[in-house]
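First the structure, in the form of structure tokens, and then the observations on it.
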Amino acid sequence: MLQAKDLIKRYDKTLAVSSISFSVKKGEIFGLLGPNGAGKSTTINIITGLIRKDGGKVTIDGLDLDRELTQCKHKLGIVPQDLAIYNDLTAEQNVRFFGSLYGLRGKQLEESARETLKLVGLYDHRRQRAKTFSGGMKRRLNIACGLVHKPQLLILDEPTVGIDPQSRNHILESILELNRQGMTVLYTTHYMEEAQQLCQRIAIMDSGQIVAQGSLAQLKALVQEHWYITMSLQGTVPLEKLRLVSGVEQIDIRENSYRFTLKDKKNQLRDLLDLLIHDQVEITDMAISEPDLEDIFLTLTGKRLRD
Amino acid sequence: MRALQFIKKEILHAFSSPESLMLMILFPFALTLVLGLAFSSSFSRVIKMPETRLPLVAQGSLQTNLYISQAAQAGLVFEQATLEEAQQQLEDRKAPGYVTLDGDGVQYHARSFGNMESLLLRTYSRIFAQQANMTGLALKAGRLDLAVPKAGNYIAHESIALDREPDSFGYYGITMLTMIMMYGASQAMGLMGLERRERTDLRLKASPFSMTGVYLAKSGMSIFTLLVQALILMIMNTLAFGVDYRSIPLVLLMLIPFAFFCNGLGILAYQAADNERTANGFLNLLIVVLVFLGGGYVPLRQFGGLMEKLADYSPVGMINQGMIDYIYTNQFSGMLRAMAFTGSLGVVMLLIAYMLYKREEGSHRVAGA
């Protein structure tokens, strides 16, 4: 459905996107995962024709973006990171207007607007002005405006930023439903839970580059020689000493627990436990678990996704 | 068709806040009322002459009767009185003076001769005396045909066309109309800036609808809104203050180039400033200056000299004078000049603004990246 090859974008001397390539298959949800400033939005803006790239090639359903921009635009639906709706218009007026920009008319427009508003759970509020909506409702309207014309490829740029869990779940459910109906989705996020929950394949971005891509299983395979141990500790944790233990690659502090990335489970775990016991740190809980996307990102880049 | 959808959306926007639309109309309407009342005396060219009553001491004769009857036509009313009565009235300040008419001729007795009554009386009496002398001479020469003064129309223009100049309401009915159109520049800017404010410019640009279409639809809609406001204001002024626009449809047509000018100014300021707040501040200042120079607040041409020259070369001044010429003297030349000047300036500004607008396409500012 989408092929991006060797995309480059510079802002003055900064390389925002550095020769990245990826492809999205028809009917899949593809995730672009990375921290803020990784280059996800720039990549999306190139694909949607919002900004000019400095190099590379994009094809959408076999059409060259540079040569057949208008035809490409017909196939795309975009949900920008910032809310892009008319606050003075009602939900229905918003959706109908954006549908009409893609050539929808009359009954087709009416039906499509109704279906879309029902999908995002705003049909009962269709006559309310957007400015009266809560943040979550606005987010949902933002999505509705991007998919009213039933695009072949829906591009969502961090659509759940700053909303309540209920609206977030509603949005994720809507995206899964759309995908079940056959819509291809390109989804950017810096929430690894969302990427894990939604995406069949993921590209991990950092500093304008794709550091890894594939299915979750393929990404996990990249770090298979590592062990991930979570401990809940009480007492003064000698972090600096722990970092010096041979084979301890990362220590990630997550809320009240410590997530250790070890190169070799047997020896390093023993050394780690010895040190904690010696320093009279109480271990209240301990678990060895599968790596998640946060672990993978941390292992591959040495940075946390939330940084 | 998509352009129509766009225009429909702009109309929905405009009517989503009818209060601001009404404010745009009520503001100049209220100003016309206030300024019209405040400056009503400055615009009046008519001096109303009160009827002048004076006591007249005279023997009843044909000459006296003629003197009295002809004076009445000039607004001088003589009331026959005895000398004592006339003197008493003068003394009691009931009359500014009195007139005696006898063998020595017409004499005016008054405490002061510098007042209006004295001037009127002297003028009338001199004419009357000359006419009487002429009659005497004609009789002496045996020319009875010339003895009776003939009434004739010796003035080419029967009256001065006082009604062909605007009174204060007429004047401000025009200048407040052009002022509100100038404020349309801010309105145009707001309409253009709306997409960036709401971040919907991203969606528009990502859609297959061309950005040129967006620009045309927006500026077209802005011009249309401005003309609708002008129309409503003209109707309200006509109904409320009796302002004469000669022909409202024709005036509206003539205002189209000026609407281009106002629109071009607003959109260019917005595109050039790169920031709505800066553009708004600049426009508010510029509009006040242009309206002032155009005689919007006070008729600058009356001051003559530099002020008159400035008004002559100000776009708003040109339009105002053009409208006054058309409405009050049916002269089109001034209006045509103003239409050509403001219209071409408007088109040039819109073209420059369009080039700036197009330059944004594909830039990271549009994408917000």
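Residues in the structure tokens are numbered from 1 in each chain, the chains being A, B, ... in the order shown, and ligands are numbered from 1 in the order shown.
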
query: segment 290-295 of chain A: which residues within 12 Å, counting only C-alpha atoms, same-chain residues fewer than 5 positions away excluded, as a PyMOL selection string?
result: chain A and resi 31-35+189-197+199+201-205+212-230+249-254+259-262+300-307

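All residues within segment 11-214 of chain B that the backbone DSSP calculation assigns to strand (DSSP E) are Thr52, Arg53, Leu54, Pro55, Leu56, Val57, Ala58, Leu76, Val77, Phe78, Glu79, Gln80, Gly97, Tyr98, Val99, Thr100, Leu101, Asp102, Gly105, Val106, Gln107, Tyr108, His109 and Ala110 of chain B.
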
Any chance you could export the current selection's C-alpha atoms as a PDB file, in the first residue's frame?
ATOM      1  CA  THR B  52     -38.253  91.542  10.519  1.00  0.00           C
ATOM      2  CA  ARG B  53     -40.906  93.779  12.036  1.00  0.00           C
ATOM      3  CA  LEU B  54     -40.357  97.543  12.222  1.00  0.00           C
ATOM      4  CA  PRO B  55     -42.630 100.477  13.052  1.00  0.00           C
ATOM      5  CA  LEU B  56     -43.182 102.860  10.136  1.00  0.00           C
ATOM      6  CA  VAL B  57     -44.181 106.488  10.511  1.00  0.00           C
ATOM      7  CA  ALA B  58     -45.680 107.731   7.265  1.00  0.00           C
ATOM      8  CA  LEU B  76     -39.746  93.225   6.080  1.00  0.00           C
ATOM      9  CA  VAL B  77     -43.023  93.804   7.805  1.00  0.00           C
ATOM     10  CA  PHE B  78     -43.852  97.461   8.537  1.00  0.00           C
ATOM     11  CA  GLU B  79     -46.420  98.303  11.129  1.00  0.00           C
ATOM     12  CA  GLN B  80     -47.925 101.792  10.815  1.00  0.00           C
ATOM     13  CA  GLY B  97     -35.491 100.974  15.246  1.00  0.00           C
ATOM     14  CA  TYR B  98     -38.189 102.661  13.213  1.00  0.00           C
ATOM     15  CA  VAL B  99     -38.613 104.125   9.757  1.00  0.00           C
ATOM     16  CA  THR B 100     -40.016 107.486   8.726  1.00  0.00           C
ATOM     17  CA  LEU B 101     -41.213 108.071   5.223  1.00  0.00           C
ATOM     18  CA  ASP B 102     -41.995 111.673   4.214  1.00  0.00           C
ATOM     19  CA  GLY B 105     -37.325 110.365   1.844  1.00  0.00           C
ATOM     20  CA  VAL B 106     -36.833 107.184   3.871  1.00  0.00           C
ATOM     21  CA  GLN B 107     -35.044 107.543   7.170  1.00  0.00           C
ATOM     22  CA  TYR B 108     -34.098 104.817   9.630  1.00  0.00           C
ATOM     23  CA  HIS B 109     -33.759 105.664  13.274  1.00  0.00           C
ATOM     24  CA  ALA B 110     -32.027 103.127  15.446  1.00  0.00           C
TER      25      ALA B 110
END

Do a neighbour search on Val316 of chain B at 7 Å with only C-alpha atoms, toss out local chain neighbours closer than 2 positions, and write the hits as a PDB file with N, CA and C atoms, in the first residue's frame.
ATOM      1  N   THR B 178     -17.622  53.645   4.040  1.00  0.00           N
ATOM      2  CA  THR B 178     -16.270  53.276   3.573  1.00  0.00           C
ATOM      3  C   THR B 178     -15.389  52.868   4.757  1.00  0.00           C
ATOM      4  N   LEU B 290      -5.936  55.921   7.339  1.00  0.00           N
ATOM      5  CA  LEU B 290      -6.564  56.036   6.017  1.00  0.00           C
ATOM      6  C   LEU B 290      -7.969  56.633   6.106  1.00  0.00           C
ATOM      7  N   VAL B 291      -8.707  56.220   7.113  1.00  0.00           N
ATOM      8  CA  VAL B 291     -10.074  56.755   7.276  1.00  0.00           C
ATOM      9  C   VAL B 291     -10.002  58.242   7.629  1.00  0.00           C
ATOM     10  N   GLY B 294      -9.112  60.187   4.634  1.00  0.00           N
ATOM     11  CA  GLY B 294     -10.232  60.184   3.696  1.00  0.00           C
ATOM     12  C   GLY B 294     -11.394  61.034   4.173  1.00  0.00           C
ATOM     13  N   SER B 314      -5.713  60.147  -0.964  1.00  0.00           N
ATOM     14  CA  SER B 314      -5.964  58.973  -0.118  1.00  0.00           C
ATOM     15  C   SER B 314      -7.047  58.118  -0.781  1.00  0.00           C
ATOM     16  N   MET B 318     -10.645  59.411  -1.982  1.00  0.00           N
ATOM     17  CA  MET B 318     -11.099  59.340  -3.383  1.00  0.00           C
ATOM     18  C   MET B 318     -12.483  58.716  -3.476  1.00  0.00           C
ATOM     19  N   ILE B 319     -12.637  57.619  -2.771  1.00  0.00           N
ATOM     20  CA  ILE B 319     -13.931  56.912  -2.825  1.00  0.00           C
ATOM     21  C   ILE B 319     -15.028  57.793  -2.223  1.00  0.00           C
ATOM     22  N   ASN B 320     -14.724  58.406  -1.080  1.00  0.00           N
ATOM     23  CA  ASN B 320     -15.732  59.252  -0.432  1.00  0.00           C
ATOM     24  C   ASN B 320     -16.166  60.382  -1.359  1.00  0.00           C
TER      25      ASN B 320
END

Polymer residues at most 12 Å from Arg277 of chain B, only C-alpha atoms, same-chain spacing of 5 or more positions, as a ChimeraX atom specification: /B:186,189-190,193,197,269-271,282-284

Once you count only C-alpha atoms, which residues of chain A turn out to be within 7 Å of chain B? Could you give them as an mmCIF file with N, CA, C and O atoms, in the first residue's frame?
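Generated file (iface_19.cif):
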data_model
loop_
_atom_site.group_PDB
_atom_site.id
_atom_site.type_symbol
_atom_site.label_atom_id
_atom_site.label_comp_id
_atom_site.auth_asym_id
_atom_site.auth_seq_id
_atom_site.Cartn_x
_atom_site.Cartn_y
_atom_site.Cartn_z
ATOM 1 N N SER A 41 6.590 12.637 12.907
ATOM 2 C CA SER A 41 5.656 13.582 12.273
ATOM 3 C C SER A 41 6.210 14.094 10.947
ATOM 4 O O SER A 41 5.461 14.274 9.983
ATOM 5 N N THR A 42 7.516 14.305 10.902
ATOM 6 C CA THR A 42 8.125 14.766 9.642
ATOM 7 C C THR A 42 7.923 13.711 8.557
ATOM 8 O O THR A 42 7.577 14.030 7.420
ATOM 9 N N ASN A 45 4.389 13.870 7.445
ATOM 10 C CA ASN A 45 4.138 15.075 6.641
ATOM 11 C C ASN A 45 4.693 14.933 5.224
ATOM 12 O O ASN A 45 4.136 15.493 4.284
ATOM 13 N N THR A 48 2.194 12.598 3.333
ATOM 14 C CA THR A 48 0.909 13.228 3.008
ATOM 15 C C THR A 48 1.080 14.446 2.093
ATOM 16 O O THR A 48 0.101 15.105 1.757
ATOM 17 N N GLY A 49 2.307 14.743 1.710
ATOM 18 C CA GLY A 49 2.547 15.858 0.788
ATOM 19 C C GLY A 49 2.510 17.211 1.459
ATOM 20 O O GLY A 49 2.440 18.242 0.793
ATOM 21 N N LEU A 50 2.542 17.232 2.784
ATOM 22 C CA LEU A 50 2.482 18.507 3.496
ATOM 23 C C LEU A 50 3.814 19.249 3.445
ATOM 24 O O LEU A 50 3.847 20.471 3.482
ATOM 25 N N ILE A 51 4.884 18.504 3.405
ATOM 26 C CA ILE A 51 6.199 19.140 3.261
ATOM 27 C C ILE A 51 6.982 18.452 2.137
ATOM 28 O O ILE A 51 6.719 17.292 1.821
ATOM 29 N N ARG A 52 7.887 19.225 1.576
ATOM 30 C CA ARG A 52 8.702 18.659 0.490
ATOM 31 C C ARG A 52 9.890 17.917 1.090
ATOM 32 O O ARG A 52 10.537 18.414 2.004
ATOM 33 N N THR A 70 -2.270 14.472 -6.531
ATOM 34 C CA THR A 70 -3.711 14.578 -6.284
ATOM 35 C C THR A 70 -4.353 13.197 -6.144
ATOM 36 O O THR A 70 -5.170 12.985 -5.235
ATOM 37 N N LYS A 73 -3.511 11.817 -2.854
ATOM 38 C CA LYS A 73 -4.254 12.451 -1.758
ATOM 39 C C LYS A 73 -5.644 11.834 -1.599
ATOM 40 O O LYS A 73 -6.167 11.752 -0.493
ATOM 41 N N HIS A 74 -6.235 11.422 -2.712
ATOM 42 C CA HIS A 74 -7.554 10.793 -2.659
ATOM 43 C C HIS A 74 -7.520 9.492 -1.856
ATOM 44 O O HIS A 74 -8.522 9.099 -1.267
ATOM 45 N N LEU A 83 -5.196 19.032 17.106
ATOM 46 C CA LEU A 83 -6.598 19.030 16.684
ATOM 47 C C LEU A 83 -6.750 19.943 15.480
ATOM 48 O O LEU A 83 -6.278 21.078 15.492
ATOM 49 N N ALA A 84 -7.379 19.419 14.436
ATOM 50 C CA ALA A 84 -7.578 20.214 13.223
ATOM 51 C C ALA A 84 -9.055 20.173 12.868
ATOM 52 O O ALA A 84 -9.482 19.497 11.934
ATOM 53 N N ILE A 85 -9.845 20.885 13.666
ATOM 54 C CA ILE A 85 -11.300 20.921 13.458
ATOM 55 C C ILE A 85 -11.768 22.368 13.616
ATOM 56 O O ILE A 85 -11.055 23.188 14.200
ATOM 57 N N TYR A 86 -12.957 22.658 13.085
ATOM 58 C CA TYR A 86 -13.519 24.000 13.241
ATOM 59 C C TYR A 86 -14.354 24.025 14.521
ATOM 60 O O TYR A 86 -15.406 23.390 14.594
ATOM 61 N N ASP A 88 -16.128 26.350 15.782
ATOM 62 C CA ASP A 88 -17.424 27.038 15.706
ATOM 63 C C ASP A 88 -18.488 26.229 14.966
ATOM 64 O O ASP A 88 -19.652 26.607 14.963
ATOM 65 N N LEU A 89 -18.067 25.165 14.302
ATOM 66 C CA LEU A 89 -19.035 24.349 13.565
ATOM 67 C C LEU A 89 -19.431 23.123 14.395
ATOM 68 O O LEU A 89 -18.710 22.720 15.304
ATOM 69 N N PHE A 97 -18.024 18.751 5.841
ATOM 70 C CA PHE A 97 -17.149 19.637 5.058
ATOM 71 C C PHE A 97 -15.904 18.890 4.586
ATOM 72 O O PHE A 97 -15.548 18.940 3.405
ATOM 73 N N SER A 100 -16.645 16.531 1.880
ATOM 74 C CA SER A 100 -16.919 17.181 0.585
ATOM 75 C C SER A 100 -15.627 17.562 -0.139
ATOM 76 O O SER A 100 -15.596 17.630 -1.359
ATOM 77 N N LEU A 101 -14.562 17.801 0.617
ATOM 78 C CA LEU A 101 -13.281 18.139 -0.021
ATOM 79 C C LEU A 101 -12.743 16.970 -0.852
ATOM 80 O O LEU A 101 -11.938 17.160 -1.756
ATOM 81 N N TYR A 102 -13.209 15.764 -0.516
ATOM 82 C CA TYR A 102 -12.759 14.576 -1.259
ATOM 83 C C TYR A 102 -13.787 14.148 -2.308
ATOM 84 O O TYR A 102 -13.738 13.039 -2.812
#

task: Tell me, in Å to one decimal, how far atom CA of Gly60 of chain B is from atom CA of Glu91 of chain B.
output: 24.7 Å

field: Lys75 of chain A surroundings by only C-alpha atoms, 8 Å radius, close-in-sequence under 2 positions cut, as a VMD selection string
entry: chain A and resid 60 71 to 73 77 151 to 153

B:Phe113, B:Tyr297, B:Tyr357, B:Tyr124 ranked by distance to Val34 of chain B, top pick (using only C-alpha atoms): B:Tyr297

message: Excluding Asn256 of chain A and its own-chain neighbours fewer than 2 positions away, which residues fall within 10 Å of it when counting only C-alpha atoms? Please give them as a list in words.
response: Met231, Ser232, Leu233, Gln234, Ile253, Arg254 and Tyr258 of chain A
